[in-house]
Structures are given as C-alpha cells and as structure tokens.
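J.: This structure is in structure tokens; I'll ask about it shortly.
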Amino acid sequence: MKHLLSLIGFLCFSLFNEVIKANGHVFLYPPIVVAKYGHSVTLNCTTDVVTRTLFKFEKSGNAFQINGTNWICLNMTIDQWDINPHCVVNYIDGQNSSNFIITVFDFPENIIFEPLHEMEVNKTYNLTCTVPNVGPVQNLTIKILKGNEELIVQDYPHDNQKKHQNMTVSHPFTPQISDHGRNLSCSAELNLSSVGEVHCTNSSVNLKVYAFPENVTLTVPKAVEVNQTTTVKCEISNVHPPEDLKVQLLLNGTELTTTRHTVGHSVLAEARFSIQGGEQYLKCNATFRNMSIEKQEQVISYAIPVILICGLCGCIGMLLIFVIICRHLKKQNKLGRYNVLKAFLSTNRT
C-alpha cells in the first residue's frame, strides 16, 4: 500500500514538473525554457526540505549562481545548442535532481531580399532571399511572394542539425507591364509553437518595371507643296512608363514644335511644318533611358510655276466669257430676236 501511494504521488507531482524523492520535492521554475542563442536566462530551483548538505546546479557554459536556504538561482548565457542544466539536492540521507527542458533557437531581425527595384519587362531575373544565422532550420519556412501570391515555399523538415545556418531561396521571375507597382516580398517563419513561440520577419519592395519601345512609325506625305503647311506624325508603341519617353520631331535637324498624346502604352507626337523647296528630311527621335530609336523619311517638295498658273487662269477666263456669250445668244434666238444662222447666211450671199 505504501508503494502504491508513493507511485500515485510521484505521478501527480510529475504533472506539475516536480520531481519527488523520498526526502523531499524539487521544484523547477520555469520548467520549460525557450532561449535565444547568446541571450541569458534565469533558472530557479527550490526544495521543500530545509535541511540539506548540498544544493547546486550542474551545468555547462557561463553561469552565475546564488544560493538561499532552500533555493538556488542560476543566471546563465546560452552559448551552446545542446544544453541541459539540472538541479541537484543532496539530503542527509539521499540525493534528488531534476532537469530543465531548454529549447535553444536563433532568428535574425532582418533577412536579405535581393530583387532589383527596377526590372525590364519580359526579362527573367532571380529573386533571392537569405535568412542568415538561423537555427534550428527544421522549424524554418521561407516564402517569396508577389502580392498575396506565393511564388515559392521552402521548408526543411528533415534537417535536424542544431546549429547556425544561412538559408537561401531563389526563384526565377519574368515581370510583365501589369506587375508595375506590385509588392514583392520574402517572409521567414521559425515555428516553435510546440513550446509556445513563433518568430517571423519579412522584407519587401514595390516593383517598378520598364519596357523599351518596340517600334517607331513615322507618317508623312511623300510630296509636299512648297510653302504649304502639313502634318507629320510619329507613333511609338509598347513603352512603359510612357512618361519617361522623350520624342523629338526634326526637319533637316531643326526641332519642330510637337504636340504629344499618350494612350495606354503608346505615345503619338504630331507637328505642323512647311518647306521652302529642295530635298527635305523629317526625323522622329525617340529616347528612353539609355536607348534611342530614330526613324527618318525623305520629303519631296514641288511648286506650280507662276506663268502656268497665269496661263491657266487666262484660258479659264476666256472659256467662261465664251460660255456666257453663247448662253446669251441662245436665249435671244429662242425669243426670235436674233438668228445666228440667218445672219451668217446673209453675210455669205452678199
């Protein structure tokens, strides 16, 4: 019966992380410890028996110990991954001890996320995320995300090494124009929920993308009359952001006053011009960052000679006069006032 009661008592005290011996109880506080590597922790051990010959901690590493009548306090720096301090109490007629359960971890305040702040559309880049000096990695999960979309999720369930490690995750990424302004991020989580702690950190950037113009279309008449005003148009498509594009319209090297319109990812530049004669060259110069695209067209000028214009005007005038006279005579003939044919015959008889 006595042994049965002792067994029941032992089981009850074990539920409260107490170790019960024949000569007394050993109490640990806190019984379970989660400690960051390089930090210090304070451990307390007490007994309900005052009379003893020795009350001490058995431990490794740097520690500072304070003893009381029936208690002992230990402040120690966590500088090892496997560390198992235990409290030992030597009574007059026996010894008692109990082990602390310590989970050691390390987790950085900052992680290294290396996307470029600006990326060219349709060009593939590697998104790289590094979590330095972390452990144990068996509890680590690393994610790279675009907005809320998980691009890659990496964990290490089979790596049970207890030490510092640098963990790196990479993922290929090809940006599109629609990705402009999106958030790219890397998150790291060390899940110690089994002992009541979860540690998280992240790093992110707002993505900027750019697209070089694909083509330039220059629209201009092939022949232009001298001293007559006409319009030249230059359209540049698939450029982003369009506000970074500079467009110049030039006539024989002289820049024209340009009106600019932006629709979506296309830019239309227009200018009015006139020429004096001879061979003329119109050029559209599109500059985007360190890239420049040119399109040039030759324009042929022409002029109608003044003599020809005057001759045409004279002929047209005489033709109009003849038409007017004929119409008048025809009208008079219908009224019986004058017959052109009779007049012509009478003249011949005479």
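By order of appearance in the structure tokens: chains A, B, ..., then residues from 1 within every chain, and ligands from 1 in the order shown.
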Quick one: everything within 10 Å of stretch 117-131 of chain A, counting only C-alpha atoms, minus sequence neighbours fewer than 5 positions away in the same chain. Send it as a ChimeraX atom specification.
T.: /A:107-112,140,142-145,151,165-180,184-189,201-203,205-212,239-240
J.: Just asking: which residues within stretch 103-148 of chain A are strand (DSSP E or B) according to DSSP, as a list in words?
T.: Thr103, Val104, Phe105, Asp106, Ile112, Phe113, Glu118, Met119, Glu120, Tyr125, Asn126, Leu127, Thr128, Cys129, Thr130, Val131, Pro132, Asn133, Val134, Gly135, Leu140, Thr141, Ile142, Lys143, Ile144, Leu145 and Lys146 of chain A
J.: Please measure the separation of atom CA of A:Asn75 and atom CA of A:Asp93, giving the value in Å to one decimal.
T.: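 So the answer is 29.0 Å.
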J.: Give me the residues within 10 Å of A:Gln65 as a PyMOL selection string, counting only C-alpha atoms and dropping any in the same chain fewer than 4 places off.
T.: chain A and resi 42-44+56-57+72-76
J.: Could you give me, as a VMD selection string, each residue of stretch 8-228 of chain A that DSSP assigns to helix (DSSP H, G or I) when run on this structure's backbone?
T.: chain A and resid 8 to 15 137 to 139 177 to 179 193 to 195
J.: Take the residues from that selection and write them out as a tab-separated table (two decimals), in the first residue's frame, keeping N, CA, C and O atoms.
T.:
chain	number	residue	atom	x	y	z
A	8	ILE	N	1.48	6.93	-6.83
A	8	ILE	CA	0.45	7.92	-7.16
A	8	ILE	C	0.94	9.33	-6.92
A	8	ILE	O	0.76	10.25	-7.73
A	9	GLY	N	1.63	9.52	-5.80
A	9	GLY	CA	2.17	10.85	-5.51
A	9	GLY	C	3.20	11.27	-6.53
A	9	GLY	O	3.24	12.43	-6.97
A	10	PHE	N	4.03	10.35	-6.95
A	10	PHE	CA	5.04	10.66	-7.96
A	10	PHE	C	4.40	11.12	-9.27
A	10	PHE	O	4.82	12.10	-9.88
A	11	LEU	N	3.35	10.42	-9.70
A	11	LEU	CA	2.68	10.78	-10.95
A	11	LEU	C	2.02	12.15	-10.86
A	11	LEU	O	2.06	12.95	-11.80
A	12	CYS	N	1.41	12.47	-9.72
A	12	CYS	CA	0.75	13.77	-9.55
A	12	CYS	C	1.75	14.90	-9.61
A	12	CYS	O	1.56	15.92	-10.27
A	13	PHE	N	2.86	14.76	-8.90
A	13	PHE	CA	3.86	15.82	-8.91
A	13	PHE	C	4.53	15.96	-10.28
A	13	PHE	O	4.93	17.05	-10.68
A	14	SER	N	4.63	14.89	-11.04
A	14	SER	CA	5.24	14.96	-12.37
A	14	SER	C	4.43	15.83	-13.30
A	14	SER	O	4.97	16.50	-14.18
A	15	LEU	N	3.11	15.84	-13.13
A	15	LEU	CA	2.26	16.68	-13.98
A	15	LEU	C	2.59	18.15	-13.80
A	15	LEU	O	2.35	18.96	-14.69
A	137	VAL	N	16.89	24.92	-38.34
A	137	VAL	CA	16.19	25.15	-39.59
A	137	VAL	C	15.07	24.12	-39.81
A	137	VAL	O	14.25	24.29	-40.71
A	138	GLN	N	15.04	23.09	-39.01
A	138	GLN	CA	13.96	22.12	-39.11
A	138	GLN	C	12.60	22.78	-38.87
A	138	GLN	O	11.57	22.30	-39.34
A	139	ASN	N	12.61	23.92	-38.16
A	139	ASN	CA	11.39	24.65	-37.86
A	139	ASN	C	11.19	25.87	-38.77
A	139	ASN	O	10.28	26.67	-38.54
A	177	ILE	N	4.21	44.11	-67.77
A	177	ILE	CA	3.82	45.50	-67.51
A	177	ILE	C	2.80	45.57	-66.37
A	177	ILE	O	2.82	46.48	-65.55
A	178	SER	N	1.93	44.56	-66.29
A	178	SER	CA	0.91	44.54	-65.24
A	178	SER	C	1.50	44.39	-63.84
A	178	SER	O	0.80	44.60	-62.85
A	179	ASP	N	2.78	44.02	-63.74
A	179	ASP	CA	3.42	43.86	-62.43
A	179	ASP	C	3.92	45.18	-61.86
A	179	ASP	O	4.41	45.21	-60.72
A	193	SER	N	5.98	26.57	-32.09
A	193	SER	CA	4.68	26.54	-31.42
A	193	SER	C	4.57	25.41	-30.42
A	193	SER	O	3.75	25.46	-29.49
A	194	SER	N	5.38	24.37	-30.59
A	194	SER	CA	5.34	23.26	-29.63
A	194	SER	C	5.77	23.70	-28.24
A	194	SER	O	5.41	23.09	-27.24
A	195	VAL	N	6.54	24.80	-28.19
A	195	VAL	CA	6.94	25.36	-26.89
A	195	VAL	C	6.38	26.77	-26.72
A	195	VAL	O	6.85	27.53	-25.88
J.: Please provide the set of residues having any atom within 12 Å of A:Tyr281, restricted to only C-alpha atoms, with same-chain residues fewer than 6 positions apart removed, written as a PyMOL selection string.
T.: chain A and resi 218+220-224+232+249-255+273-275+295-301
J.: Any chance you can output those residues with C-alpha atoms as a compact mmCIF listing (two decimals), in the first residue's frame?
T.:
# COMPACT_ATOMS: atom_id res chain seq x y z
CA LEU A 218 6.70 57.97 -88.92
CA VAL A 220 4.47 61.99 -93.53
CA PRO A 221 3.38 62.82 -97.13
CA LYS A 222 5.91 61.76 -99.74
CA ALA A 223 5.47 65.05 -101.61
CA VAL A 224 4.67 68.43 -100.13
CA VAL A 232 3.87 64.87 -89.58
CA LEU A 249 10.37 65.70 -84.47
CA LEU A 250 13.02 67.37 -86.61
CA LEU A 251 13.02 68.93 -90.08
CA ASN A 252 16.54 68.95 -91.54
CA GLY A 253 17.94 68.81 -87.99
CA THR A 254 15.75 71.61 -86.62
CA GLU A 255 13.34 70.58 -83.88
CA PHE A 273 5.60 72.20 -90.83
CA SER A 274 6.15 73.86 -94.21
CA ILE A 275 9.14 73.72 -96.55
CA LYS A 295 13.10 56.92 -87.98
CA GLN A 296 13.74 59.21 -90.98
CA GLU A 297 11.78 59.89 -94.17
CA GLN A 298 12.63 61.98 -97.23
CA VAL A 299 10.05 64.51 -98.38
CA ILE A 300 9.91 65.78 -101.95
CA SER A 301 8.75 69.35 -102.43
J.: Compile the contact shell of A:Lys246 as a ChimeraX atom specification: residues with an atom at most 7 Å away, counting only C-alpha atoms, same-chain residues fewer than 4 positions apart removed.
T.: /A:286-288
J.: For A:Thr217, find every residue with an atom within 12 Å (counting only C-alpha atoms), except residues of its own chain fewer than 5 positions away, and show them as a ChimeraX atom specification.
T.: /A:232-237,266-270,283-286,293-297
